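*Asks:* My structure is in protein.cif, and what it holds is mmCIF, C-alpha atoms and all ligand atoms:
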```cif
data_entry
loop_
_atom_site.label_atom_id
_atom_site.label_comp_id
_atom_site.auth_asym_id
_atom_site.auth_seq_id
_atom_site.Cartn_x
_atom_site.Cartn_y
_atom_site.Cartn_z
CA MET A 117 -89.16 8.47 33.99
CA GLU A 118 -92.24 9.88 32.30
CA ILE A 119 -92.94 13.55 32.94
CA SER A 120 -96.19 12.48 34.66
CA GLU A 121 -94.09 10.46 37.14
CA PHE A 122 -91.97 13.36 38.38
CA LYS A 123 -94.31 16.30 37.72
CA ASP A 124 -95.62 16.20 41.29
CA LEU A 125 -92.62 14.67 43.05
CA HIS A 126 -91.56 16.84 45.94
CA ILE A 127 -88.03 17.96 45.13
CA ALA A 128 -86.16 19.98 47.77
CA ILE A 129 -82.98 21.83 46.79
CA VAL A 130 -80.75 22.95 49.67
CA GLY A 131 -78.69 26.01 48.75
CA GLY A 132 -79.46 28.96 46.50
CA GLY A 133 -76.09 29.36 44.76
CA TYR A 134 -75.52 28.74 41.06
CA GLY A 135 -75.89 24.96 41.47
CA GLY A 136 -79.18 25.14 43.37
CA ALA A 137 -80.67 27.77 41.09
CA ALA A 138 -79.59 25.93 37.95
CA ALA A 139 -80.99 22.64 39.28
CA ALA A 140 -84.38 24.27 39.87
CA ILE A 141 -84.39 25.76 36.37
CA ALA A 142 -83.31 22.47 34.74
CA LEU A 143 -85.99 20.49 36.60
CA LYS A 144 -88.65 23.05 35.80
CA SER A 145 -87.65 22.87 32.14
CA ILE A 146 -88.39 19.14 32.05
CA GLY A 147 -91.79 19.53 33.71
CA ALA A 148 -91.15 19.17 37.46
CA GLU A 149 -93.54 21.52 39.26
CA ASN A 150 -93.14 20.77 42.97
CA VAL A 151 -89.56 22.03 43.28
CA HIS A 152 -88.41 24.21 46.20
CA VAL A 153 -85.08 25.93 46.82
CA TYR A 154 -84.12 26.52 50.48
CA GLU A 155 -81.38 29.09 51.09
CA GLN A 156 -79.95 30.00 54.48
CA ALA A 157 -79.32 33.68 53.66
CA PRO A 158 -82.07 36.30 53.89
CA ALA A 159 -81.46 37.18 50.21
CA PHE A 160 -79.61 35.79 47.22
CA GLY A 161 -76.27 37.35 46.50
CA GLN A 162 -72.70 36.77 45.38
CA VAL A 163 -69.49 38.69 45.97
CA GLY A 164 -68.61 41.34 43.44
CA ALA A 165 -66.42 39.71 40.84
CA GLY A 166 -66.66 38.29 37.36
CA ILE A 167 -67.02 34.74 36.18
CA GLY A 168 -66.75 33.06 32.77
CA LEU A 169 -69.66 30.87 31.65
CA ARG A 170 -68.29 28.38 29.12
CA PRO A 171 -69.90 27.43 25.77
CA THR A 172 -71.12 24.07 27.12
CA THR A 173 -72.85 25.88 29.99
CA VAL A 174 -74.30 28.45 27.60
CA GLU A 175 -75.80 25.64 25.51
CA LEU A 176 -77.72 24.54 28.62
CA PHE A 177 -79.07 28.08 29.01
CA ARG A 178 -80.43 27.79 25.47
CA GLN A 179 -82.03 24.43 26.31
CA TRP A 180 -83.61 25.85 29.45
CA GLY A 181 -84.94 28.95 27.64
CA ILE A 182 -82.89 31.45 29.68
CA PHE A 183 -80.17 32.37 27.18
CA ASP A 184 -81.56 35.85 26.42
CA ARG A 185 -81.82 36.60 30.13
CA ILE A 186 -78.13 35.72 30.63
CA ALA A 187 -76.95 37.36 27.41
CA ALA A 188 -78.60 40.64 28.47
CA VAL A 189 -76.28 40.94 31.47
CA SER A 190 -73.03 39.46 30.12
CA ALA A 191 -70.42 40.05 27.43
CA PRO A 192 -69.28 37.54 24.80
CA SER A 193 -65.68 36.33 24.73
CA ASP A 194 -64.14 34.09 22.09
CA HIS A 195 -60.69 33.45 23.52
CA LEU A 196 -58.40 34.00 26.45
CA ARG A 197 -54.77 34.99 26.65
CA ILE A 198 -52.08 33.86 29.04
CA LEU A 199 -49.10 36.14 29.42
CA SER A 200 -45.90 36.20 31.41
CA ASP A 201 -46.21 38.24 34.61
CA ASP A 202 -44.54 41.27 33.02
CA GLY A 203 -46.85 41.04 30.02
CA ALA A 204 -43.88 40.80 27.64
CA HIS A 205 -44.57 37.26 26.40
CA LEU A 206 -47.80 35.82 25.09
CA LEU A 207 -47.70 32.23 26.36
CA ALA A 208 -51.03 31.10 24.90
CA ARG A 209 -54.00 32.55 23.05
CA GLU A 210 -56.75 29.98 22.88
CA GLU A 211 -60.28 29.86 21.63
CA TRP A 212 -62.76 28.61 24.25
CA PRO A 213 -63.40 24.86 23.85
CA MET A 214 -66.74 24.14 22.12
CA LEU A 215 -67.14 27.76 20.92
CA HIS A 216 -68.26 26.32 17.57
CA GLY A 217 -69.38 22.94 18.94
CA TYR A 218 -73.14 23.59 18.71
CA ALA A 219 -75.74 24.61 16.12
CA GLN A 220 -75.12 28.25 17.05
CA THR A 221 -71.83 29.79 18.14
CA ASN A 222 -71.78 29.85 21.93
CA HIS A 223 -69.40 32.48 23.21
CA THR A 224 -68.17 32.24 26.75
CA ARG A 225 -70.23 34.84 28.60
CA ILE A 226 -68.36 37.03 31.08
CA ILE A 227 -70.78 38.01 33.80
CA HIS A 228 -70.82 39.73 37.19
CA ARG A 229 -71.60 37.18 39.90
CA GLY A 230 -74.41 39.30 41.33
CA ASP A 231 -76.04 39.76 37.91
CA PHE A 232 -75.79 36.03 37.28
CA ILE A 233 -77.53 34.88 40.45
CA GLU A 234 -80.20 37.55 39.92
CA ALA A 235 -80.80 36.38 36.34
CA LEU A 236 -81.12 32.75 37.48
CA PHE A 237 -83.58 33.47 40.27
CA GLY A 238 -85.47 35.83 37.97
CA ALA A 239 -86.31 32.74 35.90
CA LEU A 240 -87.97 30.96 38.84
CA PRO A 241 -91.47 31.50 40.22
CA GLU A 242 -91.39 33.17 43.65
CA GLN A 243 -93.22 30.29 45.32
CA MET A 244 -90.31 27.94 44.50
CA VAL A 245 -87.80 29.98 46.46
CA HIS A 246 -87.43 30.14 50.26
CA THR A 247 -84.81 32.35 51.90
CA ASP A 248 -84.04 32.31 55.64
CA HIS A 249 -84.05 28.51 55.58
CA LYS A 250 -80.82 27.25 57.12
CA LEU A 251 -80.68 23.47 57.09
CA THR A 252 -79.62 22.10 60.47
CA SER A 253 -80.09 18.35 59.88
CA ILE A 254 -81.15 15.77 57.34
CA THR A 255 -82.65 12.33 57.98
CA ASP A 256 -82.39 9.89 55.12
CA ASN A 257 -85.37 7.51 55.30
CA GLY A 258 -84.65 5.63 52.08
CA ALA A 259 -87.29 6.57 49.52
CA GLN A 260 -87.77 9.98 51.17
CA SER A 261 -85.69 12.31 53.30
CA THR A 262 -86.57 14.88 55.92
CA LEU A 263 -84.94 18.27 56.25
CA THR A 264 -84.98 20.31 59.44
CA PHE A 265 -84.35 24.03 59.27
CA GLU A 266 -83.16 26.46 61.93
CA ASN A 267 -86.46 28.36 61.69
CA GLY A 268 -88.26 25.27 63.02
CA ARG A 269 -89.72 24.07 59.71
CA THR A 270 -89.37 20.46 58.56
CA VAL A 271 -89.82 19.29 54.99
CA THR A 272 -90.04 15.73 53.69
CA ALA A 273 -89.11 15.30 50.04
CA ASP A 274 -88.91 12.50 47.47
CA LEU A 275 -85.65 13.91 46.19
CA VAL A 276 -83.20 16.18 48.02
CA ILE A 277 -80.57 17.97 45.95
CA ALA A 278 -77.84 19.21 48.27
CA ALA A 279 -76.31 22.23 46.52
CA ASP A 280 -75.07 23.63 49.82
CA GLY A 281 -71.53 24.42 48.78
CA ILE A 282 -68.02 23.46 49.82
CA ARG A 283 -68.91 23.17 53.52
CA SER A 284 -72.04 21.12 52.78
CA LEU A 285 -73.87 19.93 55.88
CA VAL A 286 -75.52 17.17 53.86
CA ARG A 287 -72.17 15.87 52.65
CA GLN A 288 -70.81 15.86 56.19
CA GLN A 289 -73.91 14.16 57.66
CA LEU A 290 -74.46 11.52 54.98
CA PHE A 291 -71.46 11.01 52.72
CA SER A 292 -68.08 12.22 53.97
CA ALA A 293 -66.87 13.80 57.19
CA LYS A 294 -63.58 14.93 55.60
CA PRO A 295 -63.13 18.71 55.92
CA PRO A 296 -62.17 21.04 53.04
CA VAL A 297 -58.46 21.21 52.18
CA PHE A 298 -56.56 24.54 52.35
CA ALA A 299 -54.68 25.17 49.10
CA GLY A 300 -52.00 27.43 50.59
CA GLU A 301 -53.38 30.29 48.52
CA HIS A 302 -55.34 33.51 48.80
CA ALA A 303 -57.74 34.93 46.22
CA TYR A 304 -58.37 38.67 46.08
CA ARG A 305 -61.24 39.81 43.85
CA THR A 306 -62.84 43.11 42.98
CA VAL A 307 -64.59 44.95 40.18
CA ILE A 308 -63.35 48.34 39.00
CA SER A 309 -64.31 50.80 36.31
CA ILE A 310 -62.51 50.25 33.00
CA ASP A 311 -61.62 53.94 33.27
CA ASP A 312 -59.48 53.05 36.31
CA ALA A 313 -57.74 50.06 34.69
CA PHE A 314 -54.74 51.88 33.21
CA GLY A 315 -55.50 50.61 29.70
CA LEU A 316 -55.50 46.90 30.68
CA VAL A 317 -58.81 46.28 28.88
CA THR A 318 -58.73 46.50 25.11
CA ASP A 319 -61.36 43.90 24.17
CA ASP A 320 -63.90 41.49 25.70
CA ASN A 321 -61.43 38.68 26.43
CA PRO A 322 -59.82 37.63 29.72
CA ARG A 323 -56.08 37.96 30.28
CA PHE A 324 -54.07 35.93 32.76
CA TYR A 325 -50.65 37.19 33.89
CA VAL A 326 -48.70 34.28 35.34
CA ALA A 327 -45.57 34.44 37.52
CA ARG A 328 -43.05 31.67 38.18
CA ASN A 329 -43.87 31.68 41.91
CA GLY A 330 -47.52 30.77 41.18
CA THR A 331 -49.01 34.26 41.56
CA VAL A 332 -51.63 34.93 38.89
CA ALA A 333 -53.39 38.22 38.17
CA TYR A 334 -56.29 38.13 35.75
CA THR A 335 -58.82 40.43 34.21
CA LEU A 336 -62.34 39.50 33.09
CA PRO A 337 -63.82 42.41 31.14
CA LEU A 338 -67.44 43.28 31.91
CA ARG A 339 -67.66 45.77 29.08
CA HIS A 340 -71.44 45.95 29.17
CA ARG A 341 -70.99 47.54 32.66
CA ASN A 342 -67.85 49.48 31.66
CA GLU A 343 -66.15 47.45 34.39
CA VAL A 344 -63.52 44.79 34.71
CA SER A 345 -63.16 42.05 37.27
CA TYR A 346 -59.62 42.17 38.65
CA ASP A 347 -58.43 39.06 40.48
CA ILE A 348 -55.17 38.02 42.12
CA THR A 349 -54.32 34.55 43.36
CA THR A 350 -51.14 34.18 45.38
CA ARG A 351 -49.43 31.66 47.65
CA SER A 352 -49.79 32.10 51.43
CA ASP A 353 -49.61 29.97 54.57
CA ASP A 354 -52.24 32.12 56.32
CA ASP A 355 -55.47 30.11 56.29
CA SER A 356 -57.69 32.72 57.95
CA TRP A 357 -61.14 32.99 56.31
CA ALA A 358 -60.74 36.62 55.22
CA PRO A 359 -57.03 37.53 55.21
CA VAL A 360 -56.24 41.15 55.95
CA ILE A 361 -54.86 43.00 52.93
CA THR A 362 -53.75 46.51 51.99
CA ASN A 363 -52.89 48.17 48.69
CA GLU A 364 -49.24 47.82 49.71
CA SER A 365 -49.55 44.07 50.37
CA LEU A 366 -51.16 43.56 46.95
CA VAL A 367 -48.42 45.56 45.24
CA ALA A 368 -45.84 43.46 47.11
CA VAL A 369 -47.13 40.15 45.71
CA LEU A 370 -47.12 41.64 42.21
CA GLU A 371 -43.40 42.43 42.03
CA GLY A 372 -42.26 42.09 38.42
CA PHE A 373 -45.80 42.23 36.96
CA ASP A 374 -46.96 44.43 34.08
CA GLN A 375 -46.89 48.00 35.46
CA ARG A 376 -50.61 48.44 34.65
CA VAL A 377 -51.50 45.41 36.82
CA ILE A 378 -49.46 46.93 39.66
CA ASP A 379 -50.99 50.38 39.17
CA VAL A 380 -54.47 48.93 39.58
CA ALA A 381 -53.44 47.21 42.85
CA ARG A 382 -51.88 50.47 44.05
CA THR A 383 -54.96 52.59 43.41
CA LEU A 384 -58.03 50.35 43.86
CA ASP A 385 -60.47 50.81 46.74
CA ILE A 386 -59.24 48.13 49.15
CA THR A 387 -62.55 48.12 51.05
CA LYS A 388 -64.20 46.71 47.94
CA VAL A 389 -61.83 43.77 47.57
CA THR A 390 -63.02 40.32 48.67
CA SER A 391 -60.09 38.49 50.26
CA ARG A 392 -60.40 34.74 50.86
CA SER A 393 -58.22 31.76 51.67
CA VAL A 394 -58.74 29.13 49.00
CA TYR A 395 -60.02 25.62 49.69
CA ASP A 396 -61.20 22.59 47.75
CA ILE A 397 -62.24 19.08 48.79
CA ASP A 398 -60.85 15.65 48.04
CA PRO A 399 -63.03 13.62 45.65
CA VAL A 400 -66.04 12.12 47.44
CA ASP A 401 -66.56 8.41 46.66
CA VAL A 402 -70.36 8.36 46.75
CA TRP A 403 -72.52 11.40 46.03
CA HIS A 404 -75.97 9.95 46.56
CA SER A 405 -78.33 7.66 48.44
CA GLU A 406 -81.77 6.62 47.17
CA SER A 407 -83.35 10.03 47.68
CA VAL A 408 -80.46 12.46 48.25
CA THR A 409 -77.72 13.69 45.96
CA LEU A 410 -74.93 16.19 46.25
CA LEU A 411 -74.52 18.68 43.39
CA GLY A 412 -71.97 21.39 42.59
CA ASP A 413 -69.34 22.36 45.16
CA SER A 414 -70.90 20.10 47.80
CA ALA A 415 -69.97 17.13 45.59
CA HIS A 416 -66.71 18.32 44.05
CA ALA A 417 -65.48 21.76 45.15
CA MET A 418 -62.37 22.44 43.12
CA LEU A 419 -59.74 25.18 43.07
CA HIS A 420 -60.61 28.07 40.76
CA HIS A 421 -57.55 27.78 38.50
CA GLN A 422 -59.50 26.29 35.60
CA GLY A 423 -62.56 28.51 36.13
CA GLN A 424 -64.75 25.43 36.18
CA GLY A 425 -66.48 25.29 39.59
CA ALA A 426 -69.65 27.19 38.72
CA ASN A 427 -69.65 25.76 35.21
CA SER A 428 -69.51 22.27 36.70
CA ALA A 429 -72.37 22.99 39.10
CA ILE A 430 -74.55 24.13 36.20
CA GLN A 431 -73.55 21.18 34.04
CA ASP A 432 -74.41 18.90 36.97
CA ALA A 433 -77.91 20.39 36.90
CA GLY A 434 -78.27 19.55 33.20
CA ALA A 435 -76.98 16.01 33.72
CA LEU A 436 -79.33 15.41 36.66
CA ALA A 437 -82.36 16.49 34.62
CA ASP A 438 -81.23 14.22 31.76
CA ALA A 439 -80.79 11.30 34.16
CA LEU A 440 -84.28 11.77 35.64
CA LEU A 441 -85.76 11.67 32.16
CA ALA A 442 -83.74 8.62 31.11
CA ALA A 443 -83.82 6.37 34.21
CA ASP A 444 -86.87 4.50 35.48
CA SER A 445 -86.61 5.54 39.13
CA ILE A 446 -85.02 8.22 41.30
CA PRO A 447 -82.34 5.89 42.72
CA ALA A 448 -81.39 4.78 39.19
CA ALA A 449 -81.31 8.41 38.03
CA LEU A 450 -79.00 9.41 40.89
CA GLU A 451 -76.69 6.51 40.10
CA GLN A 452 -76.58 7.54 36.45
CA PHE A 453 -76.02 11.18 37.37
CA GLN A 454 -72.94 10.28 39.41
CA ALA A 455 -71.67 7.89 36.72
CA VAL A 456 -71.83 10.64 34.08
CA ARG A 457 -70.49 13.56 36.10
CA LYS A 458 -68.01 12.19 38.65
CA PRO A 459 -65.27 11.17 36.18
CA VAL A 460 -65.41 14.66 34.67
CA THR A 461 -65.28 16.51 37.98
CA ASP A 462 -62.66 14.15 39.50
CA GLU A 463 -60.38 15.13 36.61
CA LEU A 464 -61.15 18.84 36.97
CA GLN A 465 -60.43 18.64 40.71
CA ARG A 466 -57.08 17.01 39.91
CA LEU A 467 -56.14 19.50 37.17
CA SER A 468 -57.18 22.48 39.25
CA ARG A 469 -54.73 21.45 41.97
CA LEU A 470 -51.85 21.68 39.50
CA GLY A 471 -52.16 25.47 39.50
CA TRP A 472 -50.48 27.74 36.99
CA THR A 473 -46.87 28.37 36.07
CA PRO A 474 -45.49 29.93 32.89
CA GLU A 475 -44.31 26.45 31.86
CA SER A 476 -47.72 24.79 32.34
CA ALA A 477 -49.49 27.66 30.59
CA GLU A 478 -48.88 26.26 27.11
CA THR A 479 -52.54 25.32 27.17
CA ALA A 480 -55.26 27.00 29.18
CA PHE A 481 -57.51 24.00 28.71
CA PRO A 482 -55.67 20.86 29.85
CA GLU A 483 -59.02 19.12 30.33
CA GLN A 484 -59.04 18.64 26.55
CA THR A 485 -55.86 16.59 26.78
CA PRO A 486 -56.43 12.94 27.71
CA ALA A 487 -55.23 12.14 31.24
CA ARG A 488 -51.85 10.38 31.24
C1 LIG B 1 -61.62 33.06 43.69
C2 LIG B 1 -62.60 32.18 42.99
C3 LIG B 1 -62.82 32.36 41.62
C4 LIG B 1 -63.70 31.52 40.94
N1 LIG B 1 -63.86 31.68 39.61
C5 LIG B 1 -64.66 30.85 38.91
C6 LIG B 1 -64.83 30.97 37.50
O1 LIG B 1 -64.28 31.87 36.84
N2 LIG B 1 -65.63 30.06 36.87
C7 LIG B 1 -66.28 29.06 37.54
O2 LIG B 1 -66.98 28.26 36.90
N3 LIG B 1 -66.16 28.93 38.88
C8 LIG B 1 -65.37 29.78 39.58
N4 LIG B 1 -65.24 29.65 40.94
C9 LIG B 1 -65.96 28.58 41.63
C10 LIG B 1 -67.43 28.90 41.88
O3 LIG B 1 -67.58 30.13 42.57
C11 LIG B 1 -68.08 27.78 42.70
O4 LIG B 1 -67.70 26.54 42.20
C12 LIG B 1 -69.60 27.90 42.64
O5 LIG B 1 -70.02 29.10 43.23
C13 LIG B 1 -70.27 26.69 43.30
O6 LIG B 1 -71.67 26.85 43.27
P1 LIG B 1 -72.57 26.01 44.27
O7 LIG B 1 -73.96 26.49 43.99
O8 LIG B 1 -72.26 24.57 44.15
O9 LIG B 1 -72.10 26.45 45.72
P2 LIG B 1 -72.18 27.89 46.41
O10 LIG B 1 -72.05 28.99 45.42
O11 LIG B 1 -71.23 27.86 47.55
O12 LIG B 1 -73.67 27.96 46.95
C14 LIG B 1 -74.08 27.23 48.08
C15 LIG B 1 -75.31 27.89 48.65
O13 LIG B 1 -75.82 27.07 49.70
C16 LIG B 1 -76.14 27.89 50.79
N5 LIG B 1 -76.07 27.05 51.99
C17 LIG B 1 -74.94 26.53 52.55
N6 LIG B 1 -75.26 25.82 53.65
C18 LIG B 1 -76.61 25.90 53.79
C19 LIG B 1 -77.52 25.37 54.74
N7 LIG B 1 -77.10 24.66 55.79
N8 LIG B 1 -78.84 25.63 54.58
C20 LIG B 1 -79.29 26.38 53.51
N9 LIG B 1 -78.45 26.91 52.59
C21 LIG B 1 -77.13 26.67 52.72
C22 LIG B 1 -75.13 29.01 50.75
O14 LIG B 1 -75.56 30.15 51.47
C23 LIG B 1 -75.01 29.26 49.26
O15 LIG B 1 -75.96 30.19 48.80
C24 LIG B 1 -64.38 30.49 41.64
C25 LIG B 1 -64.19 30.33 43.01
C26 LIG B 1 -63.32 31.16 43.69
C27 LIG B 1 -63.10 30.97 45.18
#
```
As a first step, turn the structure in this file into structure tokens.

*Replies:*
Amino acid sequence: MEISEFKDLHIAIVGGGYGGAAAAIALKSIGAENVHVYEQAPAFGQVGAGIGLRPTTVELFRQWGIFDRIAAVSAPSDHLRILSDDGAHLLAREEWPMLHGYAQTNHTRIIHRGDFIEALFGALPEQMVHTDHKLTSITDNGAQSTLTFENGRTVTADLVIAADGIRSLVRQQLFSAKPPVFAGEHAYRTVISIDDAFGLVTDDNPRFYVARNGTVAYTLPLRHRNEVSYDITTRSDDDSWAPVITNESLVAVLEGFDQRVIDVARTLDITKVTSRSVYDIDPVDVWHSESVTLLGDSAHAMLHHQGQGANSAIQDAGALADALLAADSIPAALEQFQAVRKPVTDELQRLSRLGWTPESAETAFPEQTPAR
């Protein structure tokens, strides 16, 4: 489509997470002006923990003109290490894929989730962003769709981008009623001062400590904040939304781990730890209609083992903008968007379900290996 064709199209984005924010930035960067993000929460926020933004994602930030904004609040990493749980054996030390794949070196950027969402929304004009807008229903009328919000407002848009997360209302109403799938795992995440990390942080690169029973403890250094994100994933049959944990219960799941990893669990402020049961979704056959598309976790929520969920949501945003430029209509663009992205995210969903064991840790990046 020509820029003049979508400049004034009314584009409504449901959900102000990474996917929704990135979609708004990507569309703005190609000339769309009538774009609005509707978020249910009264403010934008993310739990306190770190995240790794891969080189391919970072290249999109350069394209969208927001690289400096992201770089200012993140630290560069060139590789990650996988170690045995006791730290005695280095199982893999791998450079991030595509680190040198672009005109400029794109390090993976380790960033605090809160800083990241703030940096993304800081790149958007205030009038594009609407908090306190909880979507309660969507009516797909073909060439347009109508959104109804809990606050009584209705909005009719030429294109609706549903970036409303793993429990997406839009997915349930229009594309798939299947509920999220419990992984039999818990994720515990917090951020601590490097001064309280018992010497675990020696450089800017993540370390994953992997046990035979599937428990993984990992550190993502946020050296620009003198902090480190400390995360534990462990098996559990308890599927409550926010499982109750104590320092003692964390120490118990870390039996046999590097003493420094255990010492952090023993001493951290448990009230600052986010504890969640872990879910993903089965692949969704069709992501779009003529005027509505899913994007990010709403389309393909995956387990966090490959660290690819947020990266995928952002890469979706880039692919959707490319498809709108290349196709001659919105329905054709949405079809192309799904054709480009779904094979990639189907594979990441599959790989993420394999989890981690010391044996499988010979590569941290199985997505580079062709599927067998
Ligand atoms: C433990 C853990 C670690 C992870 N680590 C990584 C990592 O290292 N790297 C990585 O790439 N990914 C990681 N992920 C995955 C990543 O967090 C998600 O994939 C990513 O946040 C998805 O972004 P999203 O914008 O699609 O969805 P979300 O972040 O879920 O955002 C959805 C937004 O929509 C809003 N919303 C929902 N319903 C409505 C409604 N009805 N009306 C209006 N608004 C609505 C929500 O409030 C929310 O703001 C991890 C996930 C977990 C659980």

*Asks:* Given only C-alpha atoms as the basis, pick out the residue of A:Gly132, A:Pro459, A:Pro359, A:Pro447 nearest to Ala259 (chain A).

*Replies:*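 Between A:Gly132, A:Pro459, A:Pro359, A:Pro447, the residue approaching Ala259 (chain A) most closely is A:Pro447.
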
*Asks:* To one decimal place, how far is CA of Arg197 (chain A) from CA of Ala433 (chain A) in Å?

*Replies:* 29.2 Å

*Asks:* I want to know what sits within 10 Å of Ala208 (chain A), based on all atoms listed in the file, with residues of the same chain fewer than 2 positions away left out; could you give that as number ranges by chain?

*Replies:* A: 196-200, 205-206, 210-211, 324, 474, 477-480

*Asks:* As an MDAnalysis selection string, please: the residues near region 146-163 of chain A (cut-off 7 Å, only C-alpha atoms, same-chain neighbours under 2 positions excluded).

*Replies:* chainID A and resid 119 122:132 136 140 142:144 165 229:230 233 244:250

*Asks:* Nearest residue to Leu176 (chain A) out of A:Ala303, A:Val389, A:Ile141, A:Ala358, using only C-alpha atoms?

*Replies:*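 That would be A:Ile141, the residue with the smallest distance to Leu176 (chain A).
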
*Asks:* Around ligand LIG 1 (chain B), out to 8 Å and counting only C-alpha atoms and all ligand atoms, which residues are there? I want them as a ChimeraX atom specification.

*Replies:* /A:130-137,154-157,160-162,166-170,248-252,265,279-286,303-305,347,349,392,394-395,411-415,417-429

*Asks:* Around (-65.6, 47.9, 34.7) in the file's own coordinates, what residues are found within 9 Å if you use all atoms listed in the file, given back as a PyMOL selection string?

*Replies:* chain A and resi 307-313+337-345

*Asks:* When you draw a straight line from CA of Leu464 (chain A) to CA of Glu483 (chain A), how long is it in Å?

*Replies:*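 Distance reported for this atom pair: 7.0 Å.
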
*Asks:* To one decimal place, how far is CA of Met117 (chain A) from CA of Thr172 (chain A) in Å?

*Replies:*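 Between CA of Met117 (chain A) and CA of Thr172 (chain A) the gap works out to 24.8 Å.
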
*Asks:* What's the 7 Å shell around Asn222 (chain A), counting all atoms listed in the file, without same-chain residues fewer than 2 positions away, as a PyMOL selection string?

*Replies:* chain A and resi 171+174-175+215-216+220+224

*Asks:* May I have the protein, DNA and RNA residues with an atom at most 9 Å from (-74.2, 38.1, 30.3), counting all atoms listed in the file in the file's coordinates, returned as number ranges by chain?

*Replies:* A: 169, 183-192, 225-228, 231-232, 338, 340

*Asks:* Excluding same-chain residues fewer than 5 positions from Val271 (chain A), what lies within 8 Å of it counting only C-alpha atoms, as an NGL selection string?

*Replies:* :A and (262-264)

*Asks:* My list of candidates is A:Asn257, A:Trp472, A:Arg209, A:Leu440. Which is closest to Asn321 (chain A) when distances are computed with only C-alpha atoms?

*Replies:*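 Among the listed residues, the smallest separation from Asn321 (chain A) belongs to A:Arg209.
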
*Asks:* Extract region 340-355 of chain A from the coordinates I pasted, and write it as a short mmCIF file (atom, residue, chain, number, x, y, z; two decimals), in the first residue's frame (atoms kept: N, CA and C atoms).

*Replies:*
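Contents of the output file part-v3.cif:
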```cif
data_model
loop_
_atom_site.label_atom_id
_atom_site.label_comp_id
_atom_site.auth_asym_id
_atom_site.auth_seq_id
_atom_site.Cartn_x
_atom_site.Cartn_y
_atom_site.Cartn_z
N HIS A 340 24.24 -1.29 34.15
CA HIS A 340 24.02 0.16 34.13
C HIS A 340 23.20 0.60 35.34
N ARG A 341 22.50 -0.33 36.01
CA ARG A 341 21.73 -0.01 37.23
C ARG A 341 22.43 -0.56 38.47
N ASN A 342 23.61 -1.16 38.27
CA ASN A 342 24.29 -1.92 39.33
C ASN A 342 23.35 -2.97 39.93
N GLU A 343 22.57 -3.61 39.05
CA GLU A 343 21.62 -4.63 39.50
C GLU A 343 21.75 -5.87 38.62
N VAL A 344 21.13 -6.92 39.10
CA VAL A 344 21.09 -8.14 38.29
C VAL A 344 19.70 -8.76 38.45
N SER A 345 19.16 -9.20 37.32
CA SER A 345 17.89 -9.91 37.36
C SER A 345 18.20 -11.37 37.70
N TYR A 346 17.52 -11.87 38.70
CA TYR A 346 17.79 -13.22 39.22
C TYR A 346 16.50 -14.01 39.06
N ASP A 347 16.55 -15.08 38.29
CA ASP A 347 15.33 -15.80 37.91
C ASP A 347 15.51 -17.30 38.16
N ILE A 348 14.46 -17.91 38.68
CA ILE A 348 14.47 -19.37 38.86
C ILE A 348 13.23 -19.94 38.16
N THR A 349 13.42 -20.99 37.40
CA THR A 349 12.28 -21.73 36.86
C THR A 349 12.38 -23.15 37.40
N THR A 350 11.26 -23.65 37.93
CA THR A 350 11.32 -24.99 38.51
C THR A 350 10.01 -25.73 38.28
N ARG A 351 10.06 -27.05 38.28
CA ARG A 351 8.86 -27.87 38.05
C ARG A 351 7.92 -27.77 39.26
N SER A 352 6.62 -27.77 39.00
CA SER A 352 5.63 -27.81 40.09
C SER A 352 4.26 -28.18 39.50
N ASP A 353 3.48 -28.89 40.31
CA ASP A 353 2.12 -29.23 39.88
C ASP A 353 1.10 -28.18 40.32
N ASP A 354 1.55 -27.23 41.11
CA ASP A 354 0.65 -26.19 41.65
C ASP A 354 0.43 -25.13 40.57
N ASP A 355 -0.81 -25.04 40.07
CA ASP A 355 -1.06 -24.10 38.96
C ASP A 355 -1.71 -22.80 39.44
#
```
